[in-house]
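Q: Supplied in structure tokens, the structure appears directly below.
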Amino acid sequence: MEYRPGKVERTKAQLGEAVISLLAEMPPESVTAEAIAKRAGMGRATWFRHFSSKSDAATCALVARWMHWAANEAPVLDPQADLLPFLRMVYGQREIIALLYARGMRQSVLDASAKIAEALVVGGQIGYREKFYLYGFVGIQDEWVERGFAETPEEVAAMLGDFGLPL
């Protein structure tokens, strides 16, 4: 799968990355539209044209990062073939994910996880089974984050196998 974001997607991802970098420096209530736009090298109006919340911007940045990963590492989300690489990618983003959780933006991570999973489902067909696995995985990822990424990606994959999932 080739991922070529258009100008709007690039702008939104850049604003989202600015939000994340500012959250690393200050509490969410101190992150202003002006600071975000300045960090992104854009005007304040650009921020308001694309987002109404810092949470939405953070979600967008994560989705863009993960779509880039998917384009290079996983052409289709195949639980048997791509789970461990996906877990490794999430683990590689653990500092940003932990930061967002610590800043009260857990939902941004959960929303991004669900969006990326749905975007990568084979053929784009989402049925009961696919949603069961996708949202189950998001729940498992949430617990993994809450535990401070205590387990390695390999250990999480093994746990999923222990649950009887077809991995």
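If you're wondering about the labels, chains in the structure tokens are A, B, ... by order shown, residues count from 1 in each chain, ligands from 1 in order shown.
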Leaving out region 152-164 of chain A and any residue of its chain fewer than 4 positions from it, which residues lie within 9 Å of it when counting only C-alpha atoms, given as a list in words?
A: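 My reading of the contact set: Leu83, Leu84, Pro85, Phe86, Leu87, Arg88, Met89, Val90, Tyr91, Phe137, Ile140, Gln141 and Trp144 of chain A.
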Q: Those residues with C-alpha atoms, as a short mmCIF file (atom, residue, chain, number, x, y, z; two decimals), in the first residue's frame please?
A:
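Saved the output as part-v9.cif:
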data_model
loop_
_atom_site.label_atom_id
_atom_site.label_comp_id
_atom_site.auth_asym_id
_atom_site.auth_seq_id
_atom_site.Cartn_x
_atom_site.Cartn_y
_atom_site.Cartn_z
CA LEU A 83 0.77 -8.39 14.46
CA LEU A 84 4.31 -8.56 15.79
CA PRO A 85 5.61 -5.81 13.47
CA PHE A 86 2.59 -3.69 14.48
CA LEU A 87 3.27 -4.29 18.17
CA ARG A 88 6.92 -3.37 17.63
CA MET A 89 5.86 -0.16 15.91
CA VAL A 90 3.53 0.74 18.79
CA TYR A 91 6.34 -0.06 21.23
CA PHE A 137 -6.72 -5.32 20.08
CA ILE A 140 -5.25 -4.92 24.78
CA GLN A 141 -3.06 -2.06 23.60
CA TRP A 144 -0.33 -2.49 27.67
#
Q: Which residues come within 10 Å of Glu17 (chain A), counting only C-alpha atoms, excluding same-chain residues fewer than 4 positions away, as a VMD selection string?
A: chain A and resid 11 to 13 21 to 23 36 39 to 40 57 to 62 64 to 65
Q: Go ahead and save the picked residues with N, CA and C atoms, as a PDB file, in the first residue's frame.
A:
ATOM      1  N   THR A  11      -0.547  18.976   6.293  1.00  0.00           N
ATOM      2  CA  THR A  11      -0.736  20.138   7.168  1.00  0.00           C
ATOM      3  C   THR A  11      -1.288  19.701   8.518  1.00  0.00           C
ATOM      4  N   LYS A  12      -2.298  18.833   8.491  1.00  0.00           N
ATOM      5  CA  LYS A  12      -2.899  18.359   9.734  1.00  0.00           C
ATOM      6  C   LYS A  12      -1.897  17.558  10.564  1.00  0.00           C
ATOM      7  N   ALA A  13      -1.122  16.720   9.903  1.00  0.00           N
ATOM      8  CA  ALA A  13      -0.109  15.943  10.629  1.00  0.00           C
ATOM      9  C   ALA A  13       0.941  16.862  11.245  1.00  0.00           C
ATOM     10  N   SER A  21       4.729  17.868  20.405  1.00  0.00           N
ATOM     11  CA  SER A  21       6.007  18.412  20.892  1.00  0.00           C
ATOM     12  C   SER A  21       5.788  19.444  21.991  1.00  0.00           C
ATOM     13  N   LEU A  22       4.734  20.228  21.891  1.00  0.00           N
ATOM     14  CA  LEU A  22       4.444  21.200  22.950  1.00  0.00           C
ATOM     15  C   LEU A  22       3.977  20.515  24.232  1.00  0.00           C
ATOM     16  N   LEU A  23       3.224  19.428  24.092  1.00  0.00           N
ATOM     17  CA  LEU A  23       2.783  18.688  25.278  1.00  0.00           C
ATOM     18  C   LEU A  23       3.960  18.094  26.042  1.00  0.00           C
ATOM     19  N   ILE A  36       0.834  26.446  18.926  1.00  0.00           N
ATOM     20  CA  ILE A  36       0.796  25.315  18.000  1.00  0.00           C
ATOM     21  C   ILE A  36       1.126  25.785  16.586  1.00  0.00           C
ATOM     22  N   ARG A  39       4.791  26.740  16.279  1.00  0.00           N
ATOM     23  CA  ARG A  39       5.650  25.552  16.257  1.00  0.00           C
ATOM     24  C   ARG A  39       5.582  24.858  14.907  1.00  0.00           C
ATOM     25  N   ALA A  40       4.391  24.848  14.305  1.00  0.00           N
ATOM     26  CA  ALA A  40       4.207  24.195  13.010  1.00  0.00           C
ATOM     27  C   ALA A  40       4.649  25.073  11.838  1.00  0.00           C
ATOM     28  N   ALA A  57      -5.969  16.785  16.961  1.00  0.00           N
ATOM     29  CA  ALA A  57      -4.693  16.993  16.273  1.00  0.00           C
ATOM     30  C   ALA A  57      -3.697  15.890  16.631  1.00  0.00           C
ATOM     31  N   ALA A  58      -3.661  15.504  17.896  1.00  0.00           N
ATOM     32  CA  ALA A  58      -2.757  14.427  18.318  1.00  0.00           C
ATOM     33  C   ALA A  58      -3.163  13.110  17.646  1.00  0.00           C
ATOM     34  N   THR A  59      -4.456  12.851  17.571  1.00  0.00           N
ATOM     35  CA  THR A  59      -4.938  11.651  16.881  1.00  0.00           C
ATOM     36  C   THR A  59      -4.469  11.657  15.435  1.00  0.00           C
ATOM     37  N   CYS A  60      -4.606  12.784  14.777  1.00  0.00           N
ATOM     38  CA  CYS A  60      -4.207  12.912  13.381  1.00  0.00           C
ATOM     39  C   CYS A  60      -2.712  12.634  13.210  1.00  0.00           C
ATOM     40  N   ALA A  61      -1.889  13.154  14.107  1.00  0.00           N
ATOM     41  CA  ALA A  61      -0.442  12.927  14.024  1.00  0.00           C
ATOM     42  C   ALA A  61      -0.115  11.449  14.179  1.00  0.00           C
ATOM     43  N   LEU A  62      -0.763  10.786  15.122  1.00  0.00           N
ATOM     44  CA  LEU A  62      -0.519   9.350  15.307  1.00  0.00           C
ATOM     45  C   LEU A  62      -0.966   8.551  14.093  1.00  0.00           C
ATOM     46  N   ALA A  64      -1.125   9.560  11.029  1.00  0.00           N
ATOM     47  CA  ALA A  64      -0.160   9.810   9.951  1.00  0.00           C
ATOM     48  C   ALA A  64       1.109   9.002  10.161  1.00  0.00           C
ATOM     49  N   ARG A  65       1.612   8.949  11.393  1.00  0.00           N
ATOM     50  CA  ARG A  65       2.803   8.140  11.682  1.00  0.00           C
ATOM     51  C   ARG A  65       2.542   6.666  11.383  1.00  0.00           C
TER      52      ARG A  65
END
Q: Quick one: pull the distance between CA of Gly104 (chain A) and CA of Lys38 (chain A), Å, one decimal.
A: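 Those two atoms sit 23.1 Å apart.
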